[in-house]
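The next block is upload_17.cif, given as mmCIF, C-alpha atoms.
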data_run
loop_
_atom_site.label_atom_id
_atom_site.label_comp_id
_atom_site.auth_asym_id
_atom_site.auth_seq_id
_atom_site.Cartn_x
_atom_site.Cartn_y
_atom_site.Cartn_z
CA SER A 937 18.63 192.52 -86.24
CA GLY A 938 17.53 195.94 -87.40
CA LEU A 939 20.28 197.63 -85.42
CA THR A 940 22.98 195.59 -87.12
CA ALA A 941 21.55 196.32 -90.57
CA THR A 942 21.26 200.02 -89.75
CA ALA A 943 24.74 200.15 -88.26
CA ARG A 944 26.17 198.42 -91.33
CA ALA A 945 24.33 200.74 -93.73
CA GLU A 946 25.57 203.84 -91.94
CA GLY A 947 29.05 202.47 -91.21
CA GLU A 948 28.40 202.84 -87.50
CA GLN A 949 29.51 200.64 -84.67
CA LEU A 950 27.40 198.44 -82.46
CA PRO A 951 26.71 199.83 -78.97
CA TYR A 952 29.47 199.63 -76.37
CA VAL A 953 28.76 197.09 -73.62
CA GLU A 954 29.66 198.55 -70.22
CA ALA A 955 31.19 196.33 -67.55
CA ASN A 956 28.69 194.70 -65.18
CA GLU A 957 28.88 194.59 -61.35
CA GLU A 958 31.53 191.85 -61.57
CA GLY A 959 33.63 194.04 -63.86
CA MET A 960 32.97 191.89 -66.94
CA HIS A 961 31.85 193.17 -70.34
CA VAL A 962 29.18 190.64 -71.36
CA GLN A 963 28.00 190.81 -74.96
CA PRO A 964 24.26 190.10 -75.38
CA TRP A 965 25.09 187.25 -77.78
CA PHE A 966 27.49 185.46 -75.42
CA ARG A 967 25.93 182.14 -74.38
CA SER A 968 24.65 181.65 -70.89
CA THR A 969 25.06 177.91 -70.25
CA PHE A 970 25.40 175.45 -67.39
CA LEU A 971 29.17 175.61 -68.07
CA ASP A 972 29.45 171.93 -68.97
CA LEU A 973 31.95 172.13 -71.81
CA THR A 974 30.95 168.77 -73.31
CA GLU A 975 27.33 169.94 -73.48
CA ASP A 976 28.43 173.31 -74.87
CA MET A 977 30.48 171.59 -77.60
CA ALA A 978 27.54 169.35 -78.48
CA GLU A 979 25.12 172.28 -78.59
CA ALA A 980 27.56 174.27 -80.73
CA LYS A 981 27.85 171.34 -83.15
CA SER A 982 24.06 170.94 -83.32
CA GLU A 983 23.89 174.57 -84.46
CA GLY A 984 26.68 174.06 -87.01
CA LYS A 985 29.04 176.12 -84.86
CA GLN A 986 32.21 175.70 -82.86
CA LEU A 987 32.79 176.41 -79.16
CA ALA A 988 35.00 179.38 -78.29
CA ILE A 989 35.76 180.43 -74.73
CA ILE A 990 36.67 184.06 -74.10
CA TRP A 991 38.66 184.36 -70.87
CA GLU A 992 38.52 187.78 -69.26
CA GLN A 993 38.98 189.36 -65.85
CA LYS A 994 37.83 192.42 -63.93
CA GLY A 995 39.78 195.56 -64.71
CA CYS A 996 41.50 194.11 -67.80
CA PRO A 997 42.30 197.07 -70.10
CA TYR A 998 42.86 194.81 -73.12
CA CYS A 999 39.49 193.08 -72.57
CA ARG A 1000 37.85 196.51 -72.44
CA GLU A 1001 39.60 197.46 -75.68
CA MET A 1002 38.39 194.24 -77.37
CA HIS A 1003 34.81 195.17 -76.39
CA ARG A 1004 35.28 198.90 -77.20
CA VAL A 1005 36.78 198.30 -80.65
CA ASN A 1006 36.56 194.78 -82.10
CA LEU A 1007 33.22 193.63 -80.72
CA ARG A 1008 31.49 196.79 -81.98
CA ILE A 1009 32.22 196.06 -85.65
CA PRO A 1010 29.01 194.62 -87.14
CA ASP A 1011 30.81 192.49 -89.76
CA THR A 1012 33.08 190.92 -87.14
CA VAL A 1013 30.26 190.23 -84.67
CA ASP A 1014 28.02 188.81 -87.41
CA TYR A 1015 30.82 186.44 -88.48
CA ILE A 1016 31.49 185.27 -84.92
CA LYS A 1017 27.78 184.74 -84.18
CA LYS A 1018 27.33 182.77 -87.41
CA HIS A 1019 30.22 180.37 -86.82
CA PHE A 1020 30.86 180.26 -83.06
CA PHE A 1021 29.12 179.41 -79.80
CA VAL A 1022 30.84 181.84 -77.44
CA VAL A 1023 31.05 181.32 -73.68
CA GLN A 1024 32.77 183.88 -71.45
CA LEU A 1025 34.72 182.74 -68.40
CA ASN A 1026 36.35 184.82 -65.66
CA LEU A 1027 40.01 183.88 -65.14
CA TRP A 1028 39.54 184.43 -61.37
CA GLY A 1029 35.90 183.31 -61.19
CA ASP A 1030 34.36 180.82 -58.80
CA ARG A 1031 31.50 179.55 -60.97
CA GLU A 1032 31.39 175.76 -61.31
CA VAL A 1033 32.53 174.40 -64.67
CA VAL A 1034 32.58 170.82 -65.96
CA ASP A 1035 35.59 170.26 -68.23
CA VAL A 1036 35.45 168.01 -71.31
CA ASP A 1037 36.92 165.10 -69.32
CA GLY A 1038 34.09 165.36 -66.77
CA GLU A 1039 36.16 167.05 -64.06
CA GLN A 1040 34.08 169.44 -61.94
CA THR A 1041 36.09 172.52 -61.15
CA THR A 1042 35.90 176.32 -60.98
CA GLU A 1043 36.65 178.91 -63.63
CA LYS A 1044 39.97 179.87 -62.00
CA LYS A 1045 41.10 176.23 -61.63
CA LEU A 1046 40.08 175.49 -65.22
CA GLY A 1047 42.07 178.53 -66.34
CA ARG A 1048 45.13 177.13 -64.58
CA LYS A 1049 44.50 173.66 -66.05
CA TYR A 1050 44.48 175.15 -69.56
CA ARG A 1051 47.44 177.42 -68.73
CA VAL A 1052 45.50 180.61 -69.48
CA GLN A 1053 47.89 183.23 -68.15
CA PHE A 1054 46.47 186.55 -69.26
CA THR A 1055 43.37 188.15 -70.66
CA PRO A 1056 41.79 188.31 -73.03
CA THR A 1057 42.51 184.78 -74.19
CA ILE A 1058 40.20 183.05 -76.64
CA GLN A 1059 40.30 179.25 -76.76
CA PHE A 1060 38.87 177.63 -79.86
CA PHE A 1061 37.67 174.07 -79.34
CA ASP A 1062 37.55 171.21 -81.82
CA LYS A 1063 34.40 171.01 -83.96
CA GLU A 1064 33.97 167.39 -82.89
CA PRO A 1065 33.14 166.85 -79.23
CA ASN A 1066 36.33 165.59 -77.65
CA LYS A 1067 36.93 164.33 -74.10
CA ASP A 1068 40.68 164.97 -74.02
CA PRO A 1069 41.67 168.33 -72.48
CA ARG A 1070 45.11 167.99 -74.10
CA SER A 1071 43.76 167.96 -77.67
CA VAL A 1072 40.36 169.64 -77.49
CA GLU A 1073 41.80 173.11 -78.16
CA VAL A 1074 42.64 173.74 -81.82
CA TRP A 1075 43.77 177.37 -81.62
CA ARG A 1076 44.27 180.14 -79.08
CA LEU A 1077 44.31 183.90 -79.41
CA MET A 1078 46.18 185.58 -76.58
CA GLY A 1079 45.99 189.27 -75.77
CA TYR A 1080 44.45 192.14 -77.68
CA TRP A 1081 44.68 192.03 -81.46
CA LYS A 1082 43.69 194.80 -83.85
CA PRO A 1083 40.38 194.35 -85.75
CA PHE A 1084 41.71 192.74 -88.97
CA HIS A 1085 43.78 190.15 -87.09
CA PHE A 1086 41.03 189.59 -84.51
CA LYS A 1087 38.28 188.87 -87.04
CA HIS A 1088 40.55 186.71 -89.17
CA THR A 1089 41.50 184.56 -86.20
CA PHE A 1090 37.86 183.44 -86.20
CA VAL A 1091 37.99 182.94 -89.99
CA TYR A 1092 41.23 180.95 -89.62
CA VAL A 1093 39.55 178.57 -87.17
CA ALA A 1094 36.15 178.37 -88.93
CA GLU A 1095 37.83 177.54 -92.25
CA ASP A 1096 40.30 175.09 -90.64
CA GLY A 1097 43.20 177.25 -91.82
CA PHE A 1098 45.33 175.89 -88.99
CA LYS A 1099 45.19 172.43 -90.61
CA THR A 1100 46.84 173.55 -93.85
CA GLN A 1101 48.93 176.47 -92.52
CA PRO A 1102 49.89 176.13 -88.85
CA ASN A 1103 51.54 179.58 -88.93
CA PHE A 1104 48.70 182.09 -88.50
CA GLN A 1105 50.80 185.07 -89.64
CA ARG A 1106 51.63 183.33 -92.94
CA TRP A 1107 48.00 182.35 -93.44
CA LEU A 1108 46.92 185.93 -92.67
CA GLN A 1109 49.50 187.43 -95.05
CA THR A 1110 48.20 185.20 -97.86
CA ARG A 1111 44.61 186.24 -97.07
CA ALA A 1112 45.59 189.94 -96.99
CA GLU A 1113 47.30 189.61 -100.39
CA GLU A 1114 44.16 187.96 -101.83
CA TYR A 1115 42.03 190.84 -100.54
CA GLN A 1116 44.41 193.43 -101.95
CA LYS A 1117 44.31 191.75 -105.39
CA GLN A 1118 40.50 192.02 -105.20
CA GLY A 1119 40.86 195.76 -104.50
CA LYS A 1120 39.73 195.44 -100.87
CA GLU A 1121 41.31 197.64 -98.24
CA VAL A 1122 43.37 195.77 -95.67
CA LYS A 1123 44.09 197.56 -92.38
CA LEU A 1124 46.79 195.45 -90.81
CA TRP A 1125 47.62 198.02 -88.10
#
Now that the file is in, can you turn its structure into structure tokens?
Amino acid sequence: SGLTATARAEGEQLPYVEANEEGMHVQPWFRSTFLDLTEDMAEAKSEGKQLAIIWEQKGCPYCREMHRVNLRIPDTVDYIKKHFFVVQLNLWGDREVVDVDGEQTTEKKLGRKYRVQFTPTIQFFDKEPNKDPRSVEVWRLMGYWKPFHFKHTFVYVAEDGFKTQPNFQRWLQTRAEEYQKQGKEVKLW
């Protein structure tokens, strides 16, 4: 969009998304779906993307920080939008969700099923539609991570880094060293 191009050219951030009436910060590019995860995975695949679920909750200071800092960086948002089909769920929500195994449940029960214990948590699902809740998740980001780590979690998943280097910190250190050799600035903290 023009705003993204302008923001990038001027080094500015994208607009901050205020919390809605339910206390959730909903990015305009988050997907509004029927919350059938099998359908969401299939739609993601049809677009050449991968399903990611961002779990949040009302009043979560770390969720707010993720929206205030990380999701205002045009390069990060552009990367996520290009590679991921993002659905936001409320850890304590009552909306109906259909899990990959066909179970009809609520957001809060699904959160318990997947052992999501705090927010934000981002679940990254397999690129191939998969009906097994025990193996459908390929990676998980828990808590607030600074911008470099946050963006590169998405890169790690999109590039299947977890398949060759299951230790994210080692993978990230290698990536940071590559960037530094290319003369790029790396802000780890």
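The space separating CA of Lys1120 in chain A from CA of Gln963 in chain A comes to 28.8 Å.
Separating CA of Asn1103 in chain A from CA of Pro1069 in chain A is a distance of 22.2 Å.
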Legend entry - Residues returned when the PyMOL selection byres ((chain A and resi 1055-1062) around 7) runs on this file, as JSON, numbers by chain: {"A": [986, 987, 988, 989, 990, 991, 992, 993, 996, 998, 999, 1052, 1054, 1063, 1064, 1065, 1072, 1073, 1074, 1075, 1076, 1077, 1078, 1079, 1080]}
Inset, instruction - Could you give me, as a PyMOL selection string, the residues within 9 Å of Val953 in chain A, counting only C-alpha atoms and dropping anything in the same chain fewer than 2 positions from it? - result: chain A and resi 951+955-956+961-964+1003-1004+1008
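One distance worth recording is that between CA of Arg1111 in chain A and CA of Ser1071 in chain A, which is 26.7 Å.
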Inset, instruction - Can you work out which one of A:Tyr1115, A:Tyr1015, A:Tyr952, A:Phe966 has the shortest atom-to-atom distance to Lys1087 in chain A, counting all atoms listed in the file? - result: A:Tyr1015
Inset, instruction - For the structure provided, state which residues fall under the PyMOL selection byres ((chain A and resi 982) around 12), and present them as a PyMOL selection string. - result: chain A and resi 975-981+983-987+1019-1021+1063-1065
Write the residues of the preceding selection, restricted to C-alpha atoms, as a CSV table (one decimal), in the frame of the given file.
chain,number,residue,atom,x,y,z
A,975,GLU,CA,27.3,169.9,-73.5
A,976,ASP,CA,28.4,173.3,-74.9
A,977,MET,CA,30.5,171.6,-77.6
A,978,ALA,CA,27.5,169.4,-78.5
A,979,GLU,CA,25.1,172.3,-78.6
A,980,ALA,CA,27.6,174.3,-80.7
A,981,LYS,CA,27.8,171.3,-83.2
A,983,GLU,CA,23.9,174.6,-84.5
A,984,GLY,CA,26.7,174.1,-87.0
A,985,LYS,CA,29.0,176.1,-84.9
A,986,GLN,CA,32.2,175.7,-82.9
A,987,LEU,CA,32.8,176.4,-79.2
A,1019,HIS,CA,30.2,180.4,-86.8
A,1020,PHE,CA,30.9,180.3,-83.1
A,1021,PHE,CA,29.1,179.4,-79.8
A,1063,LYS,CA,34.4,171.0,-84.0
A,1064,GLU,CA,34.0,167.4,-82.9
A,1065,PRO,CA,33.1,166.8,-79.2
Inset, instruction - Please identify all polymer residues within 9 Å of Lys1082 in chain A, counting all atoms listed in the file, omitting same-chain residues fewer than 2 positions from it, and present them as JSON, numbers by chain. - result: {"A": [1002, 1005, 1006, 1080, 1084, 1085, 1086, 1087, 1123, 1124, 1125]}
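Comparing A:Leu950, A:Glu1114, A:Val1091, A:Leu1108 by their smallest distance to Leu1007 in chain A, the closest is A:Leu950 (using all atoms listed in the file).
Evaluating the PyMOL selection byres ((chain A and resi 1032) around 7) against the shown model yields Asp1030, Arg1031, Val1033, Val1034, Gln1040, Thr1041, Thr1042 and Glu1043 of chain A.
Comparing A:Tyr1050, A:Trp1028, A:Trp965, A:Trp1107 by their smallest distance to Arg1070 in chain A, the closest is A:Tyr1050 (using all atoms listed in the file).
For the residues A:His1088, A:Arg1106, A:Arg1051, A:Lys1099, ranking by smallest atom-to-atom distance to Val1122 in chain A using only C-alpha atoms places A:His1088 first.
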With 3 Å added on each side, what axis-aligned box encloses every listed atom of range 1001-1016 of chain A? Give the centre and edge lengths in Å to one decimal, as lines of an AutoDock Vina configuration file.
center_x = 33.8
center_y = 192.1
center_z = -82.7
size_x = 17.6
size_y = 19.6
size_z = 20.1
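If you count only C-alpha atoms and draw a sphere of 6 Å around (39.7, 164.4, -70.8), the protein and nucleic acid residues inside it come out as Val1036, Asp1037, Lys1067, Asp1068 and Pro1069 of chain A.
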Please reconstruct the missing atoms of range 1056-1084 of chain A (target: N, CA and C atoms) and return them as a PDB file, keeping the file's coordinate frame.
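The new file selection09.pdb reads:
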ATOM      1  N   PRO A1056      42.682 189.396 -72.647  1.00  0.00           N
ATOM      2  CA  PRO A1056      41.790 188.310 -73.030  1.00  0.00           C
ATOM      3  C   PRO A1056      42.560 187.156 -73.670  1.00  0.00           C
ATOM      4  N   THR A1057      42.049 185.967 -73.484  1.00  0.00           N
ATOM      5  CA  THR A1057      42.510 184.780 -74.190  1.00  0.00           C
ATOM      6  C   THR A1057      41.268 184.119 -74.764  1.00  0.00           C
ATOM      7  N   ILE A1058      41.322 183.753 -76.026  1.00  0.00           N
ATOM      8  CA  ILE A1058      40.200 183.050 -76.640  1.00  0.00           C
ATOM      9  C   ILE A1058      40.672 181.655 -77.019  1.00  0.00           C
ATOM     10  N   GLN A1059      40.016 180.661 -76.445  1.00  0.00           N
ATOM     11  CA  GLN A1059      40.300 179.250 -76.760  1.00  0.00           C
ATOM     12  C   GLN A1059      39.273 178.796 -77.775  1.00  0.00           C
ATOM     13  N   PHE A1060      39.751 178.200 -78.851  1.00  0.00           N
ATOM     14  CA  PHE A1060      38.870 177.630 -79.860  1.00  0.00           C
ATOM     15  C   PHE A1060      38.919 176.121 -79.726  1.00  0.00           C
ATOM     16  N   PHE A1061      37.750 175.509 -79.556  1.00  0.00           N
ATOM     17  CA  PHE A1061      37.670 174.070 -79.340  1.00  0.00           C
ATOM     18  C   PHE A1061      37.372 173.339 -80.637  1.00  0.00           C
ATOM     19  N   ASP A1062      37.760 172.077 -80.675  1.00  0.00           N
ATOM     20  CA  ASP A1062      37.550 171.210 -81.820  1.00  0.00           C
ATOM     21  C   ASP A1062      36.067 171.186 -82.202  1.00  0.00           C
ATOM     22  N   LYS A1063      35.795 171.079 -83.495  1.00  0.00           N
ATOM     23  CA  LYS A1063      34.400 171.010 -83.960  1.00  0.00           C
ATOM     24  C   LYS A1063      33.728 169.729 -83.496  1.00  0.00           C
ATOM     25  N   GLU A1064      34.509 168.679 -83.348  1.00  0.00           N
ATOM     26  CA  GLU A1064      33.970 167.390 -82.890  1.00  0.00           C
ATOM     27  C   GLU A1064      34.104 167.308 -81.382  1.00  0.00           C
ATOM     28  N   PRO A1065      33.013 167.022 -80.680  1.00  0.00           N
ATOM     29  CA  PRO A1065      33.140 166.850 -79.230  1.00  0.00           C
ATOM     30  C   PRO A1065      34.273 165.881 -78.895  1.00  0.00           C
ATOM     31  N   ASN A1066      35.078 166.274 -77.942  1.00  0.00           N
ATOM     32  CA  ASN A1066      36.330 165.590 -77.650  1.00  0.00           C
ATOM     33  C   ASN A1066      36.487 165.599 -76.133  1.00  0.00           C
ATOM     34  N   LYS A1067      36.825 164.456 -75.567  1.00  0.00           N
ATOM     35  CA  LYS A1067      36.930 164.330 -74.100  1.00  0.00           C
ATOM     36  C   LYS A1067      38.344 164.505 -73.574  1.00  0.00           C
ATOM     37  N   ASP A1068      39.283 164.868 -74.443  1.00  0.00           N
ATOM     38  CA  ASP A1068      40.680 164.970 -74.020  1.00  0.00           C
ATOM     39  C   ASP A1068      41.112 166.432 -73.902  1.00  0.00           C
ATOM     40  N   PRO A1069      41.277 166.928 -72.666  1.00  0.00           N
ATOM     41  CA  PRO A1069      41.670 168.330 -72.480  1.00  0.00           C
ATOM     42  C   PRO A1069      42.985 168.686 -73.185  1.00  0.00           C
ATOM     43  N   ARG A1070      43.824 167.689 -73.471  1.00  0.00           N
ATOM     44  CA  ARG A1070      45.110 167.990 -74.100  1.00  0.00           C
ATOM     45  C   ARG A1070      44.979 168.244 -75.602  1.00  0.00           C
ATOM     46  N   SER A1071      43.885 167.785 -76.217  1.00  0.00           N
ATOM     47  CA  SER A1071      43.760 167.960 -77.670  1.00  0.00           C
ATOM     48  C   SER A1071      42.476 168.642 -78.099  1.00  0.00           C
ATOM     49  N   VAL A1072      41.653 169.054 -77.149  1.00  0.00           N
ATOM     50  CA  VAL A1072      40.360 169.640 -77.490  1.00  0.00           C
ATOM     51  C   VAL A1072      40.514 171.060 -78.064  1.00  0.00           C
ATOM     52  N   GLU A1073      41.565 171.751 -77.668  1.00  0.00           N
ATOM     53  CA  GLU A1073      41.800 173.110 -78.160  1.00  0.00           C
ATOM     54  C   GLU A1073      42.537 173.054 -79.484  1.00  0.00           C
ATOM     55  N   VAL A1074      41.993 173.752 -80.507  1.00  0.00           N
ATOM     56  CA  VAL A1074      42.640 173.740 -81.820  1.00  0.00           C
ATOM     57  C   VAL A1074      43.407 175.025 -82.113  1.00  0.00           C
ATOM     58  N   TRP A1075      43.072 176.096 -81.401  1.00  0.00           N
ATOM     59  CA  TRP A1075      43.770 177.370 -81.620  1.00  0.00           C
ATOM     60  C   TRP A1075      43.510 178.261 -80.426  1.00  0.00           C
ATOM     61  N   ARG A1076      44.399 179.219 -80.206  1.00  0.00           N
ATOM     62  CA  ARG A1076      44.270 180.140 -79.080  1.00  0.00           C
ATOM     63  C   ARG A1076      44.747 181.518 -79.507  1.00  0.00           C
ATOM     64  N   LEU A1077      43.935 182.510 -79.191  1.00  0.00           N
ATOM     65  CA  LEU A1077      44.310 183.900 -79.410  1.00  0.00           C
ATOM     66  C   LEU A1077      44.610 184.487 -78.040  1.00  0.00           C
ATOM     67  N   MET A1078      45.792 185.038 -77.877  1.00  0.00           N
ATOM     68  CA  MET A1078      46.180 185.580 -76.580  1.00  0.00           C
ATOM     69  C   MET A1078      46.430 187.079 -76.693  1.00  0.00           C
ATOM     70  N   GLY A1079      45.792 187.827 -75.800  1.00  0.00           N
ATOM     71  CA  GLY A1079      45.990 189.270 -75.770  1.00  0.00           C
ATOM     72  C   GLY A1079      45.073 189.998 -76.730  1.00  0.00           C
ATOM     73  N   TYR A1080      45.262 191.313 -76.795  1.00  0.00           N
ATOM     74  CA  TYR A1080      44.450 192.140 -77.680  1.00  0.00           C
ATOM     75  C   TYR A1080      45.074 192.186 -79.058  1.00  0.00           C
ATOM     76  N   TRP A1081      44.250 191.929 -80.067  1.00  0.00           N
ATOM     77  CA  TRP A1081      44.680 192.030 -81.460  1.00  0.00           C
ATOM     78  C   TRP A1081      43.812 193.037 -82.162  1.00  0.00           C
ATOM     79  N   LYS A1082      44.417 193.788 -83.072  1.00  0.00           N
ATOM     80  CA  LYS A1082      43.690 194.800 -83.850  1.00  0.00           C
ATOM     81  C   LYS A1082      42.580 194.123 -84.669  1.00  0.00           C
ATOM     82  N   PRO A1083      41.572 194.915 -85.116  1.00  0.00           N
ATOM     83  CA  PRO A1083      40.380 194.350 -85.750  1.00  0.00           C
ATOM     84  C   PRO A1083      40.615 193.373 -86.897  1.00  0.00           C
ATOM     85  N   PHE A1084      41.504 193.653 -87.835  1.00  0.00           N
ATOM     86  CA  PHE A1084      41.710 192.740 -88.970  1.00  0.00           C
ATOM     87  C   PHE A1084      42.211 191.371 -88.479  1.00  0.00           C
TER      88      PHE A1084
END
